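**Student:** So here's my_file.csv (CSV, C-alpha atoms).
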chain,number,residue,atom,x,y,z
Z,1,MET,CA,0.0,0.0,0.0
Z,2,ASP,CA,1.2,3.5,-0.8
Z,3,LEU,CA,1.9,6.0,2.0
Z,4,THR,CA,-0.8,8.4,0.9
Z,5,THR,CA,-3.6,5.8,1.2
Z,6,SER,CA,-2.2,4.6,4.5
Z,7,ARG,CA,-2.2,8.2,5.8
Z,8,GLU,CA,-5.8,8.7,4.5
Z,9,LEU,CA,-7.0,5.6,6.4
Z,10,ALA,CA,-5.3,6.9,9.5
Z,11,ALA,CA,-7.2,10.2,9.2
Z,12,ILE,CA,-10.5,8.3,8.8
Z,13,ALA,CA,-9.7,6.3,11.9
Z,14,GLY,CA,-8.9,9.5,13.8
Z,15,GLU,CA,-12.2,11.1,12.7
Z,16,ALA,CA,-14.1,8.0,13.8
Z,17,ALA,CA,-12.4,7.9,17.2
Z,18,ARG,CA,-12.9,11.5,17.9
Z,19,ALA,CA,-16.6,11.3,16.9
Z,20,VAL,CA,-17.2,9.4,20.2
Z,21,GLY,CA,-14.9,11.6,22.4
Z,22,ASP,CA,-17.6,13.9,23.7
Z,23,ARG,CA,-19.9,11.0,24.5
Z,24,LEU,CA,-17.2,9.2,26.5
Z,25,ARG,CA,-16.0,12.4,28.3
Z,26,THR,CA,-19.6,13.2,29.3
Z,27,ALA,CA,-20.4,9.7,30.5
Z,28,PHE,CA,-17.0,9.3,32.4
Z,29,ARG,CA,-17.5,9.3,36.1
Z,30,SER,CA,-21.2,9.0,35.8
Z,31,ARG,CA,-21.0,5.4,37.2
Z,32,PRO,CA,-23.0,3.9,34.3
Z,33,GLU,CA,-24.9,0.7,34.7
Z,34,VAL,CA,-22.6,-2.3,34.1
Z,35,ALA,CA,-23.5,-5.6,32.5
Z,36,THR,CA,-21.1,-8.5,32.0
Z,37,LYS,CA,-20.0,-10.7,29.0
Z,38,ARG,CA,-17.8,-13.7,29.6
Z,39,ASP,CA,-17.9,-13.3,33.4
Z,40,PHE,CA,-18.0,-10.6,36.1
Z,41,HIS,CA,-14.4,-9.6,35.2
Z,42,ASP,CA,-15.5,-8.7,31.7
Z,43,PRO,CA,-17.8,-5.6,31.9
Z,44,VAL,CA,-19.7,-3.7,29.3
Z,45,THR,CA,-21.8,-0.6,29.4
Z,46,GLU,CA,-24.4,1.0,27.1
Z,47,HIS,CA,-21.6,3.5,26.1
Z,48,ASP,CA,-19.4,0.7,24.6
Z,49,LYS,CA,-22.2,-0.4,22.4
Z,50,ALA,CA,-23.4,3.1,21.4
Z,51,ALA,CA,-19.9,4.4,20.7
Z,52,GLU,CA,-19.2,1.4,18.5
Z,53,GLU,CA,-22.3,2.1,16.4
Z,54,GLU,CA,-21.3,5.7,16.0
Z,55,ILE,CA,-17.8,4.6,14.9
Z,56,ARG,CA,-19.3,2.2,12.4
Z,57,GLU,CA,-21.4,5.0,10.9
Z,58,VAL,CA,-18.4,7.2,10.4
Z,59,LEU,CA,-16.4,4.4,8.8
Z,60,ALA,CA,-19.3,3.4,6.5
Z,61,ARG,CA,-19.6,7.0,5.4
Z,62,ARG,CA,-16.0,7.8,4.9
Z,63,CYS,CA,-14.8,4.3,3.6
Z,64,PRO,CA,-17.8,2.4,2.2
Z,65,ASP,CA,-15.5,-0.4,0.9
Z,66,SER,CA,-15.1,-1.7,4.5
Z,67,LEU,CA,-15.6,-4.7,6.8
Z,68,VAL,CA,-15.8,-3.8,10.5
Z,69,VAL,CA,-14.8,-6.2,13.2
Z,70,GLY,CA,-16.0,-4.7,16.5
Z,71,GLU,CA,-15.7,-6.0,20.0
Z,72,GLU,CA,-19.4,-5.3,20.7
Z,73,GLY,CA,-21.1,-5.8,17.4
Z,74,GLY,CA,-19.0,-8.5,15.7
Z,75,THR,CA,-18.2,-8.6,12.0
Z,76,ARG,CA,-20.3,-6.7,9.6
Z,77,GLY,CA,-19.9,-5.5,6.0
Z,78,SER,CA,-17.5,-6.4,3.3
Z,79,GLY,CA,-14.6,-4.7,1.4
Z,80,THR,CA,-10.9,-4.5,0.9
Z,81,VAL,CA,-10.4,-2.6,4.2
Z,82,SER,CA,-11.0,-4.3,7.5
Z,83,TRP,CA,-11.4,-2.1,10.6
Z,84,TYR,CA,-10.7,-3.6,14.0
Z,85,VAL,CA,-12.6,-1.5,16.6
Z,86,ASP,CA,-12.6,-1.4,20.3
Z,87,PRO,CA,-14.9,1.5,21.3
Z,88,ILE,CA,-13.7,1.6,24.9
Z,89,ASP,CA,-10.6,-0.4,25.7
Z,90,GLY,CA,-10.4,-0.4,29.5
Z,91,THR,CA,-14.2,-0.5,30.1
Z,92,ALA,CA,-13.7,-1.4,33.8
Z,93,ASN,CA,-11.6,1.8,34.3
Z,94,PHE,CA,-14.2,3.8,32.4
Z,95,ALA,CA,-17.1,2.5,34.4
Z,96,ALA,CA,-15.4,3.0,37.7
Z,97,GLY,CA,-14.0,6.5,36.9
Z,98,LEU,CA,-10.3,5.7,36.5
Z,99,PRO,CA,-8.9,7.9,33.7
Z,100,PHE,CA,-7.0,5.1,31.7
Z,101,PHE,CA,-9.1,4.0,28.8
Z,102,CYS,CA,-9.2,4.7,25.1
Z,103,THR,CA,-10.8,4.1,21.7
Z,104,SER,CA,-8.7,1.9,19.4
Z,105,ILE,CA,-9.3,1.6,15.6
Z,106,GLY,CA,-6.9,-0.3,13.3
Z,107,ALA,CA,-7.1,-0.6,9.5
Z,108,VAL,CA,-6.0,-3.8,7.9
Z,109,VAL,CA,-5.5,-4.5,4.1
Z,110,ASP,CA,-4.3,-7.8,2.8
Z,111,GLY,CA,-3.6,-9.1,6.3
Z,112,GLU,CA,-1.4,-6.2,7.2
Z,113,VAL,CA,-2.2,-3.4,9.7
Z,114,VAL,CA,-1.7,-0.3,7.6
Z,115,ALA,CA,-3.1,2.5,9.8
Z,116,GLY,CA,-4.4,2.9,13.3
Z,117,VAL,CA,-5.4,5.4,16.0
Z,118,VAL,CA,-5.5,5.1,19.8
Z,119,TYR,CA,-7.5,8.0,21.2
Z,120,ASP,CA,-7.5,8.9,24.9
Z,121,PRO,CA,-10.6,11.1,25.4
Z,122,VAL,CA,-9.8,12.2,28.9
Z,123,ARG,CA,-6.4,13.7,28.0
Z,124,ASP,CA,-7.4,14.4,24.4
Z,125,ASP,CA,-4.3,12.5,23.2
Z,126,GLU,CA,-4.6,11.1,19.7
Z,127,PHE,CA,-1.9,8.6,18.8
Z,128,THR,CA,-1.8,8.0,15.1
Z,129,ALA,CA,0.2,5.4,13.0
Z,130,TRP,CA,0.5,4.8,9.3
Z,131,LEU,CA,3.1,3.2,7.1
Z,132,GLY,CA,5.2,6.4,7.2
Z,133,GLY,CA,5.5,7.0,10.9
Z,134,ALA,CA,3.7,7.6,14.2
Z,135,GLU,CA,2.5,10.7,16.0
Z,136,CYS,CA,0.8,12.0,19.1
Z,137,ASN,CA,-1.4,15.1,18.5
Z,138,GLY,CA,0.5,15.7,15.2
Z,139,GLU,CA,4.0,15.5,16.7
Z,140,PRO,CA,6.3,12.6,15.8
Z,141,ILE,CA,6.9,10.1,18.6
Z,142,ARG,CA,9.9,7.8,19.1
Z,143,SER,CA,9.8,4.6,21.2
Z,144,THR,CA,12.9,5.1,23.3
Z,145,GLY,CA,13.6,4.6,26.9
Z,146,ALA,CA,15.2,2.2,29.3
Z,147,ARG,CA,17.6,-0.5,28.2
Z,148,THR,CA,17.4,-2.9,31.2
Z,149,ASP,CA,14.7,-4.2,33.6
Z,150,ARG,CA,16.1,-2.4,36.6
Z,151,GLU,CA,15.7,1.0,34.8
Z,152,ALA,CA,12.3,0.2,33.2
Z,153,VAL,CA,8.6,0.6,33.8
Z,154,LEU,CA,6.6,-2.5,33.0
Z,155,LEU,CA,2.9,-2.2,32.2
Z,156,SER,CA,1.3,-5.6,32.5
Z,157,SER,CA,-2.2,-7.1,33.1
Z,158,TYR,CA,-0.6,-10.4,34.0
Z,159,PRO,CA,-1.7,-12.5,35.8
Z,160,SER,CA,-5.4,-12.1,34.9
Z,161,PRO,CA,-8.0,-14.3,36.5
Z,162,ARG,CA,-7.8,-16.6,33.5
Z,163,ASP,CA,-4.0,-16.9,33.9
Z,164,LEU,CA,-4.5,-17.8,37.6
Z,165,ALA,CA,-7.1,-20.4,36.7
Z,166,ALA,CA,-4.8,-22.0,34.1
Z,167,GLU,CA,-1.4,-21.7,35.8
Z,168,GLY,CA,-2.1,-21.5,39.5
Z,169,ASP,CA,0.8,-20.6,41.7
Z,170,ALA,CA,3.2,-20.6,38.7
Z,171,ALA,CA,1.5,-17.4,37.5
Z,172,LEU,CA,2.1,-15.8,40.9
Z,173,HIS,CA,5.8,-16.8,40.9
Z,174,ARG,CA,6.2,-15.5,37.4
Z,175,PHE,CA,4.6,-12.2,38.4
Z,176,ALA,CA,6.9,-12.0,41.5
Z,177,ARG,CA,9.9,-12.2,39.2
Z,178,MET,CA,8.6,-9.3,37.1
Z,179,VAL,CA,7.9,-7.2,40.2
Z,180,ASN,CA,11.4,-7.8,41.6
Z,181,ALA,CA,13.2,-7.3,38.2
Z,182,PHE,CA,11.6,-4.1,37.0
Z,183,ALA,CA,12.1,-0.6,38.5
Z,184,SER,CA,8.3,-0.3,38.6
Z,185,THR,CA,5.4,-2.6,37.6
Z,186,ARG,CA,1.9,-1.2,36.9
Z,187,ARG,CA,-1.4,-2.7,35.9
Z,188,PRO,CA,-3.3,0.3,34.3
Z,189,GLY,CA,-5.9,-1.8,32.5
Z,190,SER,CA,-6.0,-0.9,28.7
Z,191,ALA,CA,-3.9,-2.9,26.3
Z,192,ALA,CA,-4.2,-0.3,23.5
Z,193,LEU,CA,-3.3,2.7,25.7
Z,194,LYS,CA,-0.4,0.7,27.2
Z,195,LEU,CA,1.0,0.2,23.7
Z,196,ALA,CA,0.5,3.9,22.8
Z,197,HIS,CA,2.5,4.8,25.9
Z,198,VAL,CA,5.3,2.5,24.9
Z,199,ALA,CA,5.2,3.9,21.4
Z,200,ALA,CA,5.6,7.4,22.9
Z,201,GLY,CA,8.4,6.3,25.2
Z,202,TRP,CA,6.3,7.1,28.3
Z,203,SER,CA,6.7,3.5,29.5
Z,204,ASP,CA,9.2,0.9,28.5
Z,205,VAL,CA,7.6,-2.5,28.3
Z,206,ALA,CA,3.9,-3.6,27.9
Z,207,HIS,CA,2.7,-7.1,28.3
Z,208,GLY,CA,-0.7,-8.8,28.4
Z,209,THR,CA,-2.6,-12.0,27.8
Z,210,HIS,CA,-5.9,-13.0,26.3
Z,211,VAL,CA,-6.2,-10.0,23.9
Z,212,ASN,CA,-8.0,-9.9,20.5
Z,213,ALA,CA,-7.1,-8.0,17.3
Z,214,TRP,CA,-9.4,-5.1,18.2
Z,215,ASP,CA,-7.3,-4.5,21.4
Z,216,VAL,CA,-3.9,-4.4,19.7
Z,217,ALA,CA,-4.1,-3.8,16.0
Z,218,ALA,CA,-3.7,0.0,16.2
Z,219,GLY,CA,-1.2,-0.2,19.1
Z,220,SER,CA,1.0,-2.8,17.4
Z,221,LEU,CA,1.5,-0.5,14.5
Z,222,LEU,CA,2.1,2.5,16.7
Z,223,VAL,CA,4.9,0.7,18.5
Z,224,ARG,CA,6.5,-0.5,15.3
Z,225,GLN,CA,6.3,2.7,13.4
Z,226,ALA,CA,7.7,4.6,16.4
Z,227,GLY,CA,10.8,2.3,16.4
Z,228,GLY,CA,9.8,-0.1,19.2
Z,229,THR,CA,9.2,-3.9,19.0
Z,230,TYR,CA,5.8,-5.6,19.1
Z,231,LEU,CA,5.6,-9.4,19.5
Z,232,PRO,CA,2.3,-11.2,19.2
Z,233,LEU,CA,2.8,-14.2,21.5
Z,234,SER,CA,0.2,-16.2,19.6
Z,235,GLY,CA,2.1,-15.7,16.4
Z,236,SER,CA,-0.3,-13.2,14.9
Z,237,ILE,CA,-2.3,-10.2,16.1
Z,238,PHE,CA,-5.3,-11.9,14.5
Z,239,THR,CA,-5.0,-14.9,16.8
Z,240,PRO,CA,-6.2,-14.3,20.3
Z,241,GLY,CA,-3.4,-14.5,22.8
Z,242,GLY,CA,-0.7,-12.6,24.5
Z,243,TYR,CA,1.6,-9.8,23.4
Z,244,LEU,CA,4.8,-8.2,24.5
Z,245,ALA,CA,6.1,-4.8,23.4
Z,246,HIS,CA,9.1,-2.7,24.3
Z,247,VAL,CA,10.9,0.5,23.4
Z,248,GLY,CA,13.7,0.5,20.9
Z,249,GLY,CA,17.0,-0.5,22.4
Z,250,PHE,CA,15.6,-2.5,25.3
Z,251,ASP,CA,17.7,-5.5,26.1
Z,252,LEU,CA,15.0,-8.2,25.9
Z,253,ASP,CA,17.4,-11.1,25.7
Z,254,ASN,CA,18.6,-10.4,29.3
Z,255,SER,CA,15.2,-9.4,30.6
Z,256,VAL,CA,13.0,-11.4,32.9
Z,257,MET,CA,10.5,-11.1,30.0
Z,258,ALA,CA,12.6,-13.2,27.7
Z,259,GLU,CA,10.6,-16.3,28.8
Z,260,MET,CA,7.4,-14.6,27.7
Z,261,ALA,CA,9.0,-13.4,24.4
Z,262,ALA,CA,10.2,-16.8,23.3
Z,263,ALA,CA,6.8,-17.8,22.0
Z,264,GLY,CA,6.6,-14.7,19.9
Z,265,ARG,CA,9.8,-15.1,18.1
Z,266,PRO,CA,10.2,-16.9,14.8
Z,267,ALA,CA,11.6,-20.4,15.0
Just give me the structure as structure tokens.
**Tutor:**
Amino acid sequence: MDLTTSRELAAIAGEAARAVGDRLRTAFRSRPEVATKRDFHDPVTEHDKAAEEEIREVLARRCPDSLVVGEEGGTRGSGTVSWYVDPIDGTANFAAGLPFFCTSIGAVVDGEVVAGVVYDPVRDDEFTAWLGGAECNGEPIRSTGARTDREAVLLSSYPSPRDLAAEGDAALHRFARMVNAFASTRRPGSAALKLAHVAAGWSDVAHGTHVNAWDVAAGSLLVRQAGGTYLPLSGSIFTPGGYLAHVGGFDLDNSVMAEMAAAGRPA
């Protein structure tokens, strides 16, 4: 794909993400009613569903040749461009009033992520990636930071309840190694926004498990176009599983995260 088309798709993603910004800012800290999907750890609100519908309307108007894969509404439409949409990544934070959530929209053509936007409506930060680079609010970003664990900030959702159920005490021991190895370990609660922060060099390593393409499509391109590394631990962002990302220059081989990364490296 040429850079001009990639940039145009990024602009469409930005327009769609910003279209729901006022809705999310208004609803934030209103303590909306919460329903659940898979279990009580997996919340959803009326705003997730309404925001996704609004995003779909913008994408259909601006890019009719589209298929949209949304977290809430599933797969609809057909076309050469596939959009992976998470209207609120970090719903639990949004519903509780914690200001760490975002809208994530990634554009895929021929199996490749070619454009993406992660939009933080609370801070009005728009992270944009296309095949020619990555920006935050129109300014270029570079994924640079710490080189070693002892200097680095790790953002990780591990272990999740599903990890604990599958791995038991082994998950707790692995998490203990992370906490002891890194300068700081945080669990902020939005895969897409964690990746955007690594792309901007505001954090050094991001890791998570049990994500879907709508969670990481845009963020994966942001990290890579900003000069960082993104590893889909399932082998592909389109296969549900884990991910690991880090700033450029980070010494992954000598990191406690090397064990996690092994599954994401080519044989």
**Student:** CA of Phe238 in chain Z and CA of Thr103 in chain Z are how many Å apart?
**Tutor:**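 Taking CA of Phe238 in chain Z as the start and CA of Thr103 in chain Z as the end point, the length is 18.4 Å.
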**Student:** Expressed in Å to a single decimal, how great is the separation between CA of Asp125 in chain Z and CA of Ala206 in chain Z?
**Tutor:**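 Computing it gives 18.7 Å between the two atoms.
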**Student:** Can you pull out every residue within 7 Å of Arg186 in chain Z, counting all atoms listed in the file, but drop anything in the same chain fewer than 4 positions away, and send it as a PyMOL selection string?
**Tutor:** chain Z and resi 154-156
**Student:** Restricting the calculation to all atoms listed in the file, which member of Z:Val122, Z:Leu131, Z:Val198, Z:Val113 is positioned closest to Gly145 in chain Z?
**Tutor:**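 Result for the nearest residue to Gly145 in chain Z: Z:Val198.
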**Student:** Can you list, as a list in words, every protein, DNA or RNA residue that comes within 12 Å of Thr26 in chain Z when you count all atoms listed in the file, leaving out same-chain residues fewer than 6 positions away?
**Tutor:**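 Residues near the query, excluding close chain neighbours: Val20, Pro32, His47, Phe94, Gly97, Pro121 and Val122 of chain Z.
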**Student:** Please report as JSON lines every residue of range 34-142 of chain Z lying within 12 Å of range 158-179 of chain Z, along with the nearest atom pair and their distance in Å (one decimal), using only C-alpha atoms.
**Tutor:**
{"residue": "Z:Arg38", "atom": "CA", "partner": "Z:Arg162", "partner_atom": "CA", "distance": 11.1}
{"residue": "Z:Asp39", "atom": "CA", "partner": "Z:Pro161", "partner_atom": "CA", "distance": 10.4}
{"residue": "Z:Phe40", "atom": "CA", "partner": "Z:Pro161", "partner_atom": "CA", "distance": 10.7}
{"residue": "Z:His41", "atom": "CA", "partner": "Z:Pro161", "partner_atom": "CA", "distance": 8.0}
{"residue": "Z:Asp42", "atom": "CA", "partner": "Z:Pro161", "partner_atom": "CA", "distance": 10.5}
**Student:** Contacts of Arg224 in chain Z at 9 Å or less, counting only C-alpha atoms, minus same-chain residues fewer than 4 places along, as a list in words?
**Tutor:** Ala129, Gly133, Ala134, Ser143, Ala199, Gly219, Ser220, Gly228, Thr229 and Tyr230 of chain Z
**Student:** Skip range 61-77 of chain Z itself and residues of its chain fewer than 4 positions away, then list as number ranges by chain all residues within 7 Å of it, counting only C-alpha atoms.
**Tutor:** Z: 12, 49, 57, 81-86, 214
**Student:** Hey, which of Z:Val58, Z:Ala95, Z:Glu139, Z:Ala258 ends up closest to Ser30 in chain Z? Count only C-alpha atoms.
**Tutor:**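 Nearest candidate to Ser30 in chain Z out of Z:Val58, Z:Ala95, Z:Glu139, Z:Ala258: Z:Ala95.
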**Student:** Expressed in Å to a single decimal, how great is the separation between CA of Val108 in chain Z and CA of Pro87 in chain Z?
**Tutor:** 16.9 Å
**Student:** For Asp124 in chain Z, which of Z:Gly21, Z:Gly248, Z:Pro99, Z:Gly241 is the closest residue, counting only C-alpha atoms?
**Tutor:**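 When distances to Asp124 in chain Z are compared using only C-alpha atoms, the smallest one comes from Z:Gly21.
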**Student:** Env of range 203-205 of chain Z: 12 Å cut, atoms = only C-alpha atoms, seq-sep filter 5 positions within chain, self excluded. Answer as a PyMOL selection string.
**Tutor:** chain Z and resi 142-157+178+182-188+191+193-198+223+228-231+243-252+255-258+261
**Student:** For Ala13 in chain Z, which residue among Z:Cys136, Z:Leu59, Z:Val34, Z:Ile237 is the nearest when counting all atoms listed in the file?
**Tutor:**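 Under the stated criterion, the closest residue is Z:Leu59.
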**Student:** List as a PDB file with C-alpha atoms, in the frame of the given file the residues having at least one atom at most 12 Å from position (-3.7, 7.5, 2.2) as given in the file, counting all atoms listed in the file.
**Tutor:**
ATOM      1  CA  MET Z   1       0.000   0.000   0.000  1.00  0.00           C
ATOM      2  CA  ASP Z   2       1.200   3.500  -0.800  1.00  0.00           C
ATOM      3  CA  LEU Z   3       1.900   6.000   2.000  1.00  0.00           C
ATOM      4  CA  THR Z   4      -0.800   8.400   0.900  1.00  0.00           C
ATOM      5  CA  THR Z   5      -3.600   5.800   1.200  1.00  0.00           C
ATOM      6  CA  SER Z   6      -2.200   4.600   4.500  1.00  0.00           C
ATOM      7  CA  ARG Z   7      -2.200   8.200   5.800  1.00  0.00           C
ATOM      8  CA  GLU Z   8      -5.800   8.700   4.500  1.00  0.00           C
ATOM      9  CA  LEU Z   9      -7.000   5.600   6.400  1.00  0.00           C
ATOM     10  CA  ALA Z  10      -5.300   6.900   9.500  1.00  0.00           C
ATOM     11  CA  ALA Z  11      -7.200  10.200   9.200  1.00  0.00           C
ATOM     12  CA  ILE Z  12     -10.500   8.300   8.800  1.00  0.00           C
ATOM     13  CA  ALA Z  13      -9.700   6.300  11.900  1.00  0.00           C
ATOM     14  CA  CYS Z  63     -14.800   4.300   3.600  1.00  0.00           C
ATOM     15  CA  ALA Z 107      -7.100  -0.600   9.500  1.00  0.00           C
ATOM     16  CA  VAL Z 114      -1.700  -0.300   7.600  1.00  0.00           C
ATOM     17  CA  ALA Z 115      -3.100   2.500   9.800  1.00  0.00           C
ATOM     18  CA  ALA Z 129       0.200   5.400  13.000  1.00  0.00           C
ATOM     19  CA  TRP Z 130       0.500   4.800   9.300  1.00  0.00           C
ATOM     20  CA  LEU Z 131       3.100   3.200   7.100  1.00  0.00           C
ATOM     21  CA  GLY Z 132       5.200   6.400   7.200  1.00  0.00           C
TER      22      GLY Z 132
END
**Student:** Extract range 118-127 of chain Z from the structure I just pasted (atoms: all heavy atoms) and return it as a PDB file, in the first residue's frame.
**Tutor:**
ATOM      1  N   VAL Z 118      -5.153   5.319  18.366  1.00  0.00           N
ATOM      2  CA  VAL Z 118      -5.542   5.103  19.756  1.00  0.00           C
ATOM      3  C   VAL Z 118      -5.838   6.483  20.327  1.00  0.00           C
ATOM      4  O   VAL Z 118      -4.957   7.349  20.351  1.00  0.00           O
ATOM      5  CB  VAL Z 118      -4.429   4.404  20.554  1.00  0.00           C
ATOM      6  CG1 VAL Z 118      -4.780   4.374  22.035  1.00  0.00           C
ATOM      7  CG2 VAL Z 118      -4.196   2.990  20.029  1.00  0.00           C
ATOM      8  N   TYR Z 119      -7.075   6.679  20.753  1.00  0.00           N
ATOM      9  CA  TYR Z 119      -7.501   8.004  21.210  1.00  0.00           C
ATOM     10  C   TYR Z 119      -7.876   7.957  22.688  1.00  0.00           C
ATOM     11  O   TYR Z 119      -8.746   7.183  23.099  1.00  0.00           O
ATOM     12  CB  TYR Z 119      -8.685   8.500  20.392  1.00  0.00           C
ATOM     13  CG  TYR Z 119      -9.194   9.855  20.826  1.00  0.00           C
ATOM     14  CD1 TYR Z 119      -8.342  10.960  20.862  1.00  0.00           C
ATOM     15  CD2 TYR Z 119     -10.522  10.031  21.200  1.00  0.00           C
ATOM     16  CE1 TYR Z 119      -8.805  12.205  21.264  1.00  0.00           C
ATOM     17  CE2 TYR Z 119     -10.992  11.268  21.592  1.00  0.00           C
ATOM     18  CZ  TYR Z 119     -10.125  12.351  21.628  1.00  0.00           C
ATOM     19  OH  TYR Z 119     -10.590  13.582  22.043  1.00  0.00           O
ATOM     20  N   ASP Z 120      -7.195   8.771  23.477  1.00  0.00           N
ATOM     21  CA  ASP Z 120      -7.455   8.915  24.906  1.00  0.00           C
ATOM     22  C   ASP Z 120      -8.351  10.134  25.090  1.00  0.00           C
ATOM     23  O   ASP Z 120      -7.879  11.268  25.030  1.00  0.00           O
ATOM     24  CB  ASP Z 120      -6.127   9.097  25.644  1.00  0.00           C
ATOM     25  CG  ASP Z 120      -6.288   9.304  27.142  1.00  0.00           C
ATOM     26  OD1 ASP Z 120      -7.408   9.610  27.592  1.00  0.00           O
ATOM     27  OD2 ASP Z 120      -5.281   9.195  27.864  1.00  0.00           O
ATOM     28  N   PRO Z 121      -9.664   9.932  25.317  1.00  0.00           N
ATOM     29  CA  PRO Z 121     -10.571  11.083  25.363  1.00  0.00           C
ATOM     30  C   PRO Z 121     -10.418  11.942  26.612  1.00  0.00           C
ATOM     31  O   PRO Z 121     -10.773  13.120  26.583  1.00  0.00           O
ATOM     32  CB  PRO Z 121     -11.959  10.439  25.305  1.00  0.00           C
ATOM     33  CG  PRO Z 121     -11.762   9.078  25.883  1.00  0.00           C
ATOM     34  CD  PRO Z 121     -10.385   8.660  25.477  1.00  0.00           C
ATOM     35  N   VAL Z 122      -9.913  11.384  27.692  1.00  0.00           N
ATOM     36  CA  VAL Z 122      -9.750  12.172  28.914  1.00  0.00           C
ATOM     37  C   VAL Z 122      -8.653  13.215  28.728  1.00  0.00           C
ATOM     38  O   VAL Z 122      -8.818  14.386  29.067  1.00  0.00           O
ATOM     39  CB  VAL Z 122      -9.446  11.261  30.115  1.00  0.00           C
ATOM     40  CG1 VAL Z 122      -9.152  12.098  31.356  1.00  0.00           C
ATOM     41  CG2 VAL Z 122     -10.618  10.320  30.383  1.00  0.00           C
ATOM     42  N   ARG Z 123      -7.529  12.786  28.176  1.00  0.00           N
ATOM     43  CA  ARG Z 123      -6.404  13.703  27.969  1.00  0.00           C
ATOM     44  C   ARG Z 123      -6.428  14.361  26.599  1.00  0.00           C
ATOM     45  O   ARG Z 123      -5.594  15.217  26.314  1.00  0.00           O
ATOM     46  CB  ARG Z 123      -5.078  12.944  28.153  1.00  0.00           C
ATOM     47  CG  ARG Z 123      -4.906  12.380  29.551  1.00  0.00           C
ATOM     48  CD  ARG Z 123      -3.714  11.429  29.619  1.00  0.00           C
ATOM     49  NE  ARG Z 123      -3.596  10.811  30.936  1.00  0.00           N
ATOM     50  CZ  ARG Z 123      -4.304   9.757  31.338  1.00  0.00           C
ATOM     51  NH1 ARG Z 123      -5.172   9.194  30.520  1.00  0.00           N
ATOM     52  NH2 ARG Z 123      -4.156   9.261  32.541  1.00  0.00           N
ATOM     53  N   ASP Z 124      -7.361  13.937  25.742  1.00  0.00           N
ATOM     54  CA  ASP Z 124      -7.444  14.410  24.362  1.00  0.00           C
ATOM     55  C   ASP Z 124      -6.136  14.147  23.623  1.00  0.00           C
ATOM     56  O   ASP Z 124      -5.662  14.977  22.845  1.00  0.00           O
ATOM     57  CB  ASP Z 124      -7.809  15.903  24.318  1.00  0.00           C
ATOM     58  CG  ASP Z 124      -8.286  16.345  22.932  1.00  0.00           C
ATOM     59  OD1 ASP Z 124      -8.819  15.498  22.195  1.00  0.00           O
ATOM     60  OD2 ASP Z 124      -8.099  17.530  22.589  1.00  0.00           O
ATOM     61  N   ASP Z 125      -5.554  12.974  23.865  1.00  0.00           N
ATOM     62  CA  ASP Z 125      -4.342  12.549  23.174  1.00  0.00           C
ATOM     63  C   ASP Z 125      -4.730  11.598  22.043  1.00  0.00           C
ATOM     64  O   ASP Z 125      -5.373  10.565  22.287  1.00  0.00           O
ATOM     65  CB  ASP Z 125      -3.398  11.816  24.121  1.00  0.00           C
ATOM     66  CG  ASP Z 125      -2.625  12.755  25.037  1.00  0.00           C
ATOM     67  OD1 ASP Z 125      -2.461  13.943  24.665  1.00  0.00           O
ATOM     68  OD2 ASP Z 125      -2.184  12.301  26.105  1.00  0.00           O
ATOM     69  N   GLU Z 126      -4.332  11.944  20.829  1.00  0.00           N
ATOM     70  CA  GLU Z 126      -4.592  11.100  19.673  1.00  0.00           C
ATOM     71  C   GLU Z 126      -3.270  10.552  19.147  1.00  0.00           C
ATOM     72  O   GLU Z 126      -2.441  11.288  18.621  1.00  0.00           O
ATOM     73  CB  GLU Z 126      -5.308  11.871  18.571  1.00  0.00           C
ATOM     74  CG  GLU Z 126      -5.645  11.013  17.363  1.00  0.00           C
ATOM     75  CD  GLU Z 126      -6.363  11.790  16.274  1.00  0.00           C
ATOM     76  OE1 GLU Z 126      -7.090  12.759  16.614  1.00  0.00           O
ATOM     77  OE2 GLU Z 126      -6.207  11.438  15.096  1.00  0.00           O
ATOM     78  N   PHE Z 127      -3.081   9.249  19.312  1.00  0.00           N
ATOM     79  CA  PHE Z 127      -1.894   8.564  18.818  1.00  0.00           C
ATOM     80  C   PHE Z 127      -2.235   7.989  17.443  1.00  0.00           C
ATOM     81  O   PHE Z 127      -3.189   7.214  17.317  1.00  0.00           O
ATOM     82  CB  PHE Z 127      -1.490   7.430  19.757  1.00  0.00           C
ATOM     83  CG  PHE Z 127      -1.205   7.858  21.172  1.00  0.00           C
ATOM     84  CD1 PHE Z 127      -2.242   7.938  22.109  1.00  0.00           C
ATOM     85  CD2 PHE Z 127       0.076   8.173  21.585  1.00  0.00           C
ATOM     86  CE1 PHE Z 127      -1.988   8.311  23.418  1.00  0.00           C
ATOM     87  CE2 PHE Z 127       0.344   8.549  22.896  1.00  0.00           C
ATOM     88  CZ  PHE Z 127      -0.693   8.627  23.806  1.00  0.00           C
TER      89      PHE Z 127
END
